[in-house]
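The structure under discussion appears below in the form of structure tokens.
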Amino acid sequence: MAENIEGVEVLINTLKDQGVEYIFGIVGIPVVEVALVAQQKGIKYVGMRNEQAACYAAQAIGYLTGRPGVCLVVSGPGLLHTIGGIANAKENCWPMLVLGGSSDTDQESMGAFQECPQVEACRPYCKYSARPPSIDSVPYIISQAFKKCMYGRPGPAYVDLPGDLLRGMTLSSNIVNYPRVPPPPPNLACPTSVKNAVELLRNARSPLIIIGKGAAYSRAEREILSFVELSSIPFIPTPMGKGVVSDTHPLCVIAARALALLEADVILLLGARLNWILHFGRPPRFNKNVKFIQVDLCPEEFHTSVPTDVVLAGDIKSVTNQMISAFGKKNADPFSSWKQKLRLKIEENRQQNLSMSNISNPLNYYSAFQELQSSLPPNCFFVSEGANTMDIGRSYLLNKQPRFRLDAGSFGTMGVGLGFAIAAAFWVKDHSPSTRVICVEGDSAFGFSGMEIETMYRYQLPIIIIIINNNGIFNGMPSTLYEELVKEGDTALNIPATSLTPNTHYERMASLFGGEGHFCQTKTEISSALKMVLKESQKPSIINIMIDPISQRKAQNFDWLTRSKL
């Protein structure tokens with residue numbers, strides 16, 4: 001005789017079948033029982049302090065594992081708070097499933113508690129947005145959501161969970177379980193196109209490979225390393241493409257990025273999009289005659305901002321293997337004059353950075369990051385956000401392994417840092433337990449989700465939070481000037497829009513949870529603080545580094561953001 005089974009149990013059994021290990025979220029009516037049953041069934045529930053941060057954590061797990069991370073939120077405002085996070089997952093092409101509680105179906109359109117058109121609200125930002133019509137349909141709907149998240153261009157999905165569906169009962173014999181969605185099948189590029197691509201690269205004078213976040217997601221690091229060394233073509237990574245091939249590899253020319261982009265005559269894009277991060281592939285940042293070879297899973301990416309000269313549609317791992325086979329034997333020393341030119345520029349930039357990092361009273365970005373890099377252990381997992389903090393730090397904080405860096409990404413989202421760091425800490429605990437998670441934040445970026453520190457302490461996550469504090473957004477002001485402006489009158493009229501409260505002691509937040517923070521104004525203090533926190537393996541740590549509030553990037557040939565010409 002068939003037994004009755006509750007909707008919430010059907011849901012959790014289905015998530016288990018799909019291999020879910022973590023759920024990040026905030027509970028309340030009507031999803032409290034979802035978290036409780038998940039824990040009973042062996043799925044780890046991580047309670048966050050803000051739905052957006054929970055959404056960031058879930059999508060980071062999706063990126064790190066290749067299977068959708070799960071975010072659980074309540075109805076109405078709870079779900080709407082995730083929209084920014086869902087949009088971020090969409091733009092970064094990361095798989096994530098958001099489960100949103102919703103008002104009971106028999107109260108629909110009556111003004112029910114937190115009633116909201118949630119399926120419709122999520123649809124513009126999701127590959128799939130649905131509400132199961134019955135408990136019996138939950139396994140099918142969830143399996144479809146997983147497939148949509150993973151196949152083609154990865155991205156987010158939303159499934160709506162009315163309270164009466166979660167509390168309702170059905171016969172266990174009515175439930176049809178669906179097998180775990182397998183990884184997407186590999187796709188090969190057209191062999192003729194592969195041949196054309198290899199010929200174009202071999203005949204180039206100054207070729208360049210750009211390794212993107214898509215290459216990291218595809219887990220093609222072995223294949224790409226083999227192709228880089230076979231072809232002897234210099235490469236640069238995009239921000240989250242760092243580590244697919246080690247930043248310390250002799251063919252990595254990220255330190256001469258501007259010159260490499262400007263003078264390359266053939267560029268191979270591996271999972272990198274010609275969006276704002278790569279200045280749309282257009283002059284003046286690129287040679288007007290440059291030819292692009294683009295490898296991407298999604299045909300929609302080709303011919304976006306400039307024509308793609310050779311289209312290689314397929315998954316990066318498979319296509320790279322095709323290119324290795326087509327390339328044949330390695331030439332003796334191809335592109336030697338091109339590589340020498342890049343090496344000279346790298347040395348010139350290194351000397352310039354060295355002179356900037358020698359300035360230590362007060363500290364600037366360069367001197368702070370130089371000390372961090374020299375004091376941190378190798379192979380850290382870096383999370384970073386915040387304008388100059390993120391951009392300059394990218395040059396100093398080296399990645400030697402793939403998927404060991406998370407930052408603001410394609411959407412340029414601020415506030416992702418602490419959610420990403422929490423996800424990274426859980427992931428390294430299971431997959432790389434000796435790795436330290438270092439979360440490097442600008443003081444403005446830290447403010448978006450600072451209360452997630454409590455989450456870190458609650459779960460005993462040994463994350464090292466480093467705040468590069470310049471008293472503002474982009475830049476702030478000295479405390480003496482701030483005090484003068486406060487005395488003069490209406491602060492909402494005379495305090496600059498970019499300014500935050502000067503010399504804020506963010507590190508003291510650690511004491512709220514029994515921890516210890518560190519306030520640093522010199523290189524010696526940074527080194528000493530890092531030595532202390534690296535010994536702590538069970539608790540989070542906060543290091544607050546004060547730098548000159550008017551510290552800026554060194555002079556650039558081009559602005560970091562390509563803007564329309566007026």
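In the structure tokens, the first chain shown is A, the next is B, and so on; residue numbers restart at 1 for each chain, and ligands run from 1 in the order shown.
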
Subject >> Test item, alpha helix (DSSP H) assignment across stretch 386-453 of chain A, answer as a ChimeraX atom specification >> reply: /A:387-396,417-431,443-448,452-453

Using DSSP secondary structure from the backbone, list all strand (DSSP E or B) positions within stretch 239-271 of chain A, as a PDB file with N, CA and C atoms, in the first residue's frame.
```pdb
ATOM      1  N   CYS A 252      52.962  34.067 -20.073  1.00  0.00           N
ATOM      2  CA  CYS A 252      51.918  34.966 -19.569  1.00  0.00           C
ATOM      3  C   CYS A 252      52.402  36.410 -19.684  1.00  0.00           C
ATOM      4  N   VAL A 266      46.691  38.613 -34.667  1.00  0.00           N
ATOM      5  CA  VAL A 266      45.723  37.516 -34.612  1.00  0.00           C
ATOM      6  C   VAL A 266      45.490  37.174 -33.157  1.00  0.00           C
ATOM      7  N   ILE A 267      44.233  37.129 -32.747  1.00  0.00           N
ATOM      8  CA  ILE A 267      43.897  36.840 -31.343  1.00  0.00           C
ATOM      9  C   ILE A 267      42.981  35.633 -31.289  1.00  0.00           C
ATOM     10  N   LEU A 268      43.375  34.653 -30.478  1.00  0.00           N
ATOM     11  CA  LEU A 268      42.561  33.476 -30.211  1.00  0.00           C
ATOM     12  C   LEU A 268      41.834  33.682 -28.887  1.00  0.00           C
ATOM     13  N   LEU A 269      40.509  33.733 -28.948  1.00  0.00           N
ATOM     14  CA  LEU A 269      39.681  33.910 -27.755  1.00  0.00           C
ATOM     15  C   LEU A 269      39.198  32.546 -27.281  1.00  0.00           C
ATOM     16  N   LEU A 270      39.598  32.174 -26.073  1.00  0.00           N
ATOM     17  CA  LEU A 270      39.176  30.908 -25.482  1.00  0.00           C
ATOM     18  C   LEU A 270      38.209  31.191 -24.346  1.00  0.00           C
TER      19      LEU A 270
END
```

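Of the listed residues A:Gly472, A:Gly450, A:Pro30, A:Pro377, the one whose atoms come nearest to A:Arg167 is A:Pro30, with distances taken using only C-alpha atoms.
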
Subject >> atom CA of A:Ala272 to atom CA of A:Val253, distance in Å rounded to a single decimal >> reply: 16.4 Å

**OP:** Select, from A:Gln352, A:Gln521, A:Lys16, A:Lys487, the residue with the minimum atom-to-atom distance to A:Arg553, counting only C-alpha atoms.
**Re:**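 Under the stated criterion, the closest residue is A:Gln352.
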
Subject >> Shortest interatomic distance to A:Phe420 - which of A:Glu441, A:Glu483, A:Asp164, A:Glu229, counting only C-alpha atoms >> reply: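 Of A:Glu441, A:Glu483, A:Asp164, A:Glu229, the one nearest A:Phe420, counting only C-alpha atoms, is A:Glu441.
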
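If you look at atom CA of A:Asn364 and atom CA of A:Asp407, they are 21.1 Å away from each other.
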
Subject >> Residues near stretch 508-514 of chain A, cut-off 10 Å, only C-alpha atoms, skip fewer than 5 positions along chain, as number ranges by chain >> reply: A: 450-451, 453-454, 456-458, 519, 539-544

Just-selected residues, N, CA and C atoms written as a short mmCIF file (atom, residue, chain, number, x, y, z; two decimals), in the first residue's frame:
```
data_model
loop_
_atom_site.label_atom_id
_atom_site.label_comp_id
_atom_site.auth_asym_id
_atom_site.auth_seq_id
_atom_site.Cartn_x
_atom_site.Cartn_y
_atom_site.Cartn_z
N GLY A 450 28.71 43.54 4.65
CA GLY A 450 29.60 43.37 5.80
C GLY A 450 29.06 42.47 6.89
N MET A 451 27.72 42.40 7.04
CA MET A 451 27.16 41.60 8.12
C MET A 451 27.34 40.10 7.88
N ILE A 453 29.92 38.73 7.85
CA ILE A 453 30.98 38.31 8.78
C ILE A 453 30.40 37.41 9.86
N GLU A 454 29.21 37.75 10.32
CA GLU A 454 28.57 36.89 11.33
C GLU A 454 28.36 35.48 10.80
N MET A 456 30.23 33.98 8.63
CA MET A 456 31.55 33.34 8.63
C MET A 456 31.92 32.83 10.02
N TYR A 457 31.64 33.63 11.04
CA TYR A 457 31.95 33.19 12.40
C TYR A 457 31.04 32.05 12.84
N ARG A 458 29.76 32.13 12.46
CA ARG A 458 28.81 31.08 12.87
C ARG A 458 29.24 29.72 12.34
N PHE A 519 44.47 46.54 12.55
CA PHE A 519 44.47 47.84 11.87
C PHE A 519 45.90 48.14 11.45
N LYS A 539 38.88 30.36 12.57
CA LYS A 539 38.02 31.53 12.64
C LYS A 539 38.35 32.52 11.52
N PRO A 540 37.37 33.33 11.15
CA PRO A 540 37.66 34.41 10.20
C PRO A 540 38.56 35.46 10.85
N SER A 541 39.19 36.25 10.00
CA SER A 541 40.05 37.34 10.46
C SER A 541 39.79 38.57 9.61
N ILE A 542 39.98 39.74 10.20
CA ILE A 542 39.80 41.00 9.47
C ILE A 542 41.06 41.84 9.60
N ILE A 543 41.62 42.21 8.46
CA ILE A 543 42.77 43.12 8.43
C ILE A 543 42.33 44.37 7.69
N ASN A 544 42.37 45.50 8.38
CA ASN A 544 41.92 46.78 7.82
C ASN A 544 43.16 47.62 7.52
#
```

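Candidate residues A:Ile495, A:Ile43, A:Leu397, A:Ala425 were compared for distance to A:Val70, and the nearest is A:Ile43, using only C-alpha atoms.
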
**OP:** Find the spatial neighbours of A:Leu64, counting only C-alpha atoms, within a cut-off of 9 Å - ignore same-chain residues fewer than 3 positions away - and output them as a PyMOL selection string.
**Re:** chain A and resi 59-61+67+217+403-404+424+427

Export of prior selection with C-alpha atoms as an mmCIF file, in the first residue's frame:
```cif
data_model
loop_
_atom_site.group_PDB
_atom_site.id
_atom_site.type_symbol
_atom_site.label_atom_id
_atom_site.label_comp_id
_atom_site.auth_asym_id
_atom_site.auth_seq_id
_atom_site.Cartn_x
_atom_site.Cartn_y
_atom_site.Cartn_z
ATOM 1 C CA GLN A 59 26.156 30.870 -8.002
ATOM 2 C CA ALA A 60 29.800 30.692 -6.926
ATOM 3 C CA ILE A 61 29.249 27.036 -5.985
ATOM 4 C CA ARG A 67 26.405 21.996 -11.302
ATOM 5 C CA TYR A 217 34.459 26.927 -16.236
ATOM 6 C CA ARG A 403 38.985 28.734 -10.597
ATOM 7 C CA PHE A 404 40.915 30.141 -7.633
ATOM 8 C CA ALA A 424 34.753 29.360 -1.609
ATOM 9 C CA TRP A 427 34.320 24.430 -1.399
#
```

**OP:** Please identify all polymer residues within 12 Å of A:Glu536, counting only C-alpha atoms, omitting same-chain residues fewer than 5 positions from it, and present them as JSON, numbers by chain.
**Re:** {"A": [436, 460, 461, 462, 463, 464, 515, 516, 529, 530, 531, 541, 542]}

For C-alpha atoms, I'd like the residues from the last selection saved as a PDB file, in the first residue's frame.
```pdb
ATOM      1  CA  ARG A 436      43.431  29.716   2.383  1.00  0.00           C
ATOM      2  CA  GLN A 460      33.773  28.816  11.663  1.00  0.00           C
ATOM      3  CA  LEU A 461      35.107  29.614   8.198  1.00  0.00           C
ATOM      4  CA  PRO A 462      38.775  30.677   8.332  1.00  0.00           C
ATOM      5  CA  ILE A 463      38.423  33.422   5.735  1.00  0.00           C
ATOM      6  CA  ILE A 464      40.943  36.249   5.855  1.00  0.00           C
ATOM      7  CA  GLY A 515      37.555  37.419  17.141  1.00  0.00           C
ATOM      8  CA  GLU A 516      40.450  39.794  16.760  1.00  0.00           C
ATOM      9  CA  ALA A 529      49.047  40.901  10.985  1.00  0.00           C
ATOM     10  CA  LEU A 530      49.214  38.297   8.227  1.00  0.00           C
ATOM     11  CA  LYS A 531      51.605  36.133  10.222  1.00  0.00           C
ATOM     12  CA  SER A 541      40.052  37.344  10.462  1.00  0.00           C
ATOM     13  CA  ILE A 542      39.796  40.998   9.468  1.00  0.00           C
TER      14      ILE A 542
END
```

**OP:** Check the smallest atom-to-atom distance from each of A:Ser537, A:Gln552, A:Asn471, A:Thr480 to A:Ser499 using only C-alpha atoms, then report the winner.
**Re:** A:Asn471
